[in-house]
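**Q** One structure follows; several queries about it will come next.
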Amino acid sequence: MVTGKGRCNITQAEFNSKELADKFGKEGRFLLYALSVFGPKQVIEFFENLKLKTKTERGGRVFPKSDKAEDVLQVLRCYLVKNGVKILVNKKVKKIIKENNRIVAVLTEDGEKIIADKYIIATGGKAYPMFGSTGDGFVWAKNLGHTIIKLKPALTPIKIQEKWPKEAQGLTLKNVLLSIYENGKKRDNRFGELLFTHFGISGPIVLDISKTVGEFLKLRKNNGEIKLSLDLKPALDLETLDKRIQKDFIKFNRKLFKNSLDDLLPQKLIDIVVKLSGINGNKQVNEITKEERRKLVKLLKNLEMTPIELLGFNKAIITAGGVSLKEINAKTMKSKIIENLYFAGEIINLDGPTGGYNLQLCWSTGYVAGENTSQ
Ligand SMILES: Cc1cc2nc3c(=O)[nH]c(=O)nc-3n(C[C@H](O)[C@H](O)[C@H](O)COP(=O)(O)OP(=O)(O)OC[C@H]3O[C@@H](n4cnc5c(N)ncnc54)[C@H](O)[C@@H]3O)c2cc1C
């Protein structure tokens, strides 16, 4: 229900299976088979056949046409009911009982024993534990003999040292470019949407670059410097932007500097940019020197921020790490350790970027695990 800001980014339609798998890094190969049998095309067909209309937005992001995550839930719920699936809610599994190399039952918190031929663990990761994914499945898998690759929060917002992002909290910027610099060297960048918050920055491009930021923060030598640079006008180079500002300054030449940026910037950023530019906001535009204007242009192309740390599991979108891929059969999702156990979803050691990749991982592995447990 909270996915895609309540709209549920169901899947990712821009890439073929191979390209899609590559987005999960070197571990992505594990997904090739699952994506070939139940990839984005099949997911869209599945939902459309259940009368959930979908639409594809920029960057291949697929959403329900209604923009309501709730509709995805309804469709899935109806599908389960129609197929005679018994749904038990508010039934916490406490323990998995194993005999030899087989699971013989699961024990719920209220003392019920559930017995089945085959079991799928699909308890998700540890991100946003308030929504139910508290990481229990990792403990069970470990106790059953599986290796758990170190769990880390992934796709996380970033805490920023400077105070000004806080002043812009709630503001979303579209089509901006965020780059990471290590000791002045550009290391990575992302283009798209960014959100200012009370602790720093969030939004798709921030979540996507957070892994790299986390790695550089960890690797940072004592006096090393990690900076983020926000380009507010990536479509314009310095010269073009300068010309654009000159035009604005001619248009507003009798206005005060602080009142001259309305065409260029969202309201919430104007005071911040004026302050950061070092130009007196009460100066009349026609008194601004060429040097000052140039400084402003550079600032708009490079708003610098110092990342302090990534936010933890409570604010992470997904969990990196999980049940080792070496111990799961990629064609069946069957455990290589326990005879009648399967895995699906985020519990598996795979994590993708934002854009529908992570739910696609769940649909694909869930489909394969389901096909192999229903025989
Ligand atoms: C805010 C937010 C927005 C997101 N938006 C998107 C998006 O738009 N697109 C996208 O692709 N991905 C998105 N993701 C990621 C995506 O939601 C997850 O990767 C995905 O839901 C994981 O699915 P899962 O089935 O593996 O686990 P989950 O969806 O976490 O489900 C696990 C289930 O197991 C249950 N469970 C756990 N422990 C127990 C227990 N002991 N007993 C009984 N039940 C238990 C939980 O209650 C839960 O219902 C988002 C994540 C967050 C947090």
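As shown in the structure tokens, the chain order sets the letters A, B, ...; within each chain, residues go from 1, and ligands are also counted from 1 in the order they appear.
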Around ligand 1, which protein and nucleic acid residues have at least one atom no more than 8 Å from it, if we count only C-alpha atoms and all ligand atoms? List them as a count of residues only.
**A** 48
**Q** Among stretch 304-364 of chain A, which ones does DSSP place in strand (DSSP E), written as a list in words?
**A**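 After running DSSP on the backbone, stretch 304-364 of chain A has strand (DSSP E) at Glu304, Met305, Pro307, Ile308, Glu309, Leu310, Ile318, Thr319, Ala320, Gly321, Gly322, Val323, Leu341, Tyr342 and Phe343 of chain A.
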**Q** Given the choices A:Gly39, A:Gly322, A:Gly145, A:Gly59, which gets closest to A:Asn101 if the distance is worked out from only C-alpha atoms?
**A** A:Gly145
**Q** Can you check which parts of stretch 102-170 of chain A lie within 12 Å of stretch 297-304 of chain A? Per residue, the shortest pair of atoms and distance in Å to one decimal, counting only C-alpha atoms, sorted by chain and number, as CSV.
**A**
residue,atom,partner,partner_atom,distance
A:Ile160,CA,A:Glu304,CA,10.2
A:Gln161,CA,A:Glu304,CA,10.6
A:Glu162,CA,A:Glu304,CA,9.0
A:Lys163,CA,A:Glu304,CA,11.8
A:Trp164,CA,A:Leu303,CA,10.5
A:Pro165,CA,A:Leu303,CA,10.4
**Q** Write to file, as a PDB file, in the first residue's frame, the residues of the selection just made, with all heavy atoms.
**A**
ATOM      1  N   ILE A 160      22.213  15.147   5.735  1.00  0.00           N
ATOM      2  CA  ILE A 160      23.117  16.176   5.209  1.00  0.00           C
ATOM      3  C   ILE A 160      23.559  17.106   6.338  1.00  0.00           C
ATOM      4  O   ILE A 160      22.767  17.460   7.207  1.00  0.00           O
ATOM      5  CB  ILE A 160      22.392  16.975   4.089  1.00  0.00           C
ATOM      6  CG1 ILE A 160      22.020  16.065   2.908  1.00  0.00           C
ATOM      7  CG2 ILE A 160      23.188  18.195   3.624  1.00  0.00           C
ATOM      8  CD1 ILE A 160      23.176  15.492   2.126  1.00  0.00           C
ATOM      9  N   GLN A 161      24.827  17.487   6.280  1.00  0.00           N
ATOM     10  CA  GLN A 161      25.380  18.344   7.339  1.00  0.00           C
ATOM     11  C   GLN A 161      24.814  19.770   7.285  1.00  0.00           C
ATOM     12  O   GLN A 161      24.467  20.348   8.315  1.00  0.00           O
ATOM     13  CB  GLN A 161      26.890  18.383   7.161  1.00  0.00           C
ATOM     14  CG  GLN A 161      27.628  19.099   8.268  1.00  0.00           C
ATOM     15  CD  GLN A 161      29.133  18.993   8.031  1.00  0.00           C
ATOM     16  OE1 GLN A 161      29.670  17.906   7.830  1.00  0.00           O
ATOM     17  NE2 GLN A 161      29.799  20.127   8.020  1.00  0.00           N
ATOM     18  N   GLU A 162      24.730  20.340   6.083  1.00  0.00           N
ATOM     19  CA  GLU A 162      24.277  21.729   5.959  1.00  0.00           C
ATOM     20  C   GLU A 162      22.826  21.864   6.421  1.00  0.00           C
ATOM     21  O   GLU A 162      22.042  20.920   6.321  1.00  0.00           O
ATOM     22  CB  GLU A 162      24.384  22.199   4.497  1.00  0.00           C
ATOM     23  CG  GLU A 162      25.810  22.425   4.005  1.00  0.00           C
ATOM     24  CD  GLU A 162      26.521  21.126   3.632  1.00  0.00           C
ATOM     25  OE1 GLU A 162      25.877  20.057   3.661  1.00  0.00           O
ATOM     26  OE2 GLU A 162      27.738  21.174   3.343  1.00  0.00           O
ATOM     27  N   LYS A 163      22.496  23.042   6.879  1.00  0.00           N
ATOM     28  CA  LYS A 163      21.150  23.278   7.410  1.00  0.00           C
ATOM     29  C   LYS A 163      20.138  23.641   6.306  1.00  0.00           C
ATOM     30  O   LYS A 163      18.937  23.477   6.481  1.00  0.00           O
ATOM     31  CB  LYS A 163      21.174  24.428   8.435  1.00  0.00           C
ATOM     32  CG  LYS A 163      21.980  24.116   9.695  1.00  0.00           C
ATOM     33  CD  LYS A 163      21.157  23.289  10.695  1.00  0.00           C
ATOM     34  CE  LYS A 163      21.948  22.831  11.889  1.00  0.00           C
ATOM     35  NZ  LYS A 163      22.840  21.672  11.638  1.00  0.00           N
ATOM     36  N   TRP A 164      20.644  24.151   5.166  1.00  0.00           N
ATOM     37  CA  TRP A 164      19.697  24.685   4.182  1.00  0.00           C
ATOM     38  C   TRP A 164      18.731  23.661   3.577  1.00  0.00           C
ATOM     39  O   TRP A 164      17.567  24.034   3.310  1.00  0.00           O
ATOM     40  CB  TRP A 164      20.411  25.515   3.099  1.00  0.00           C
ATOM     41  CG  TRP A 164      21.336  24.756   2.181  1.00  0.00           C
ATOM     42  CD1 TRP A 164      22.683  24.652   2.285  1.00  0.00           C
ATOM     43  CD2 TRP A 164      20.968  23.999   1.029  1.00  0.00           C
ATOM     44  NE1 TRP A 164      23.192  23.872   1.291  1.00  0.00           N
ATOM     45  CE2 TRP A 164      22.153  23.463   0.496  1.00  0.00           C
ATOM     46  CE3 TRP A 164      19.766  23.715   0.382  1.00  0.00           C
ATOM     47  CZ2 TRP A 164      22.170  22.658  -0.639  1.00  0.00           C
ATOM     48  CZ3 TRP A 164      19.776  22.910  -0.755  1.00  0.00           C
ATOM     49  CH2 TRP A 164      20.966  22.397  -1.246  1.00  0.00           C
ATOM     50  N   PRO A 165      19.121  22.372   3.387  1.00  0.00           N
ATOM     51  CA  PRO A 165      18.113  21.437   2.832  1.00  0.00           C
ATOM     52  C   PRO A 165      16.874  21.359   3.728  1.00  0.00           C
ATOM     53  O   PRO A 165      15.758  21.206   3.247  1.00  0.00           O
ATOM     54  CB  PRO A 165      18.855  20.111   2.765  1.00  0.00           C
ATOM     55  CG  PRO A 165      20.291  20.481   2.653  1.00  0.00           C
ATOM     56  CD  PRO A 165      20.435  21.700   3.512  1.00  0.00           C
TER      57      PRO A 165
END
**Q** Which is closer to A:Ala34 than all the others in A:Ile158, A:Ser66, A:Ile97, A:Lys18, using only C-alpha atoms?
**A** A:Lys18
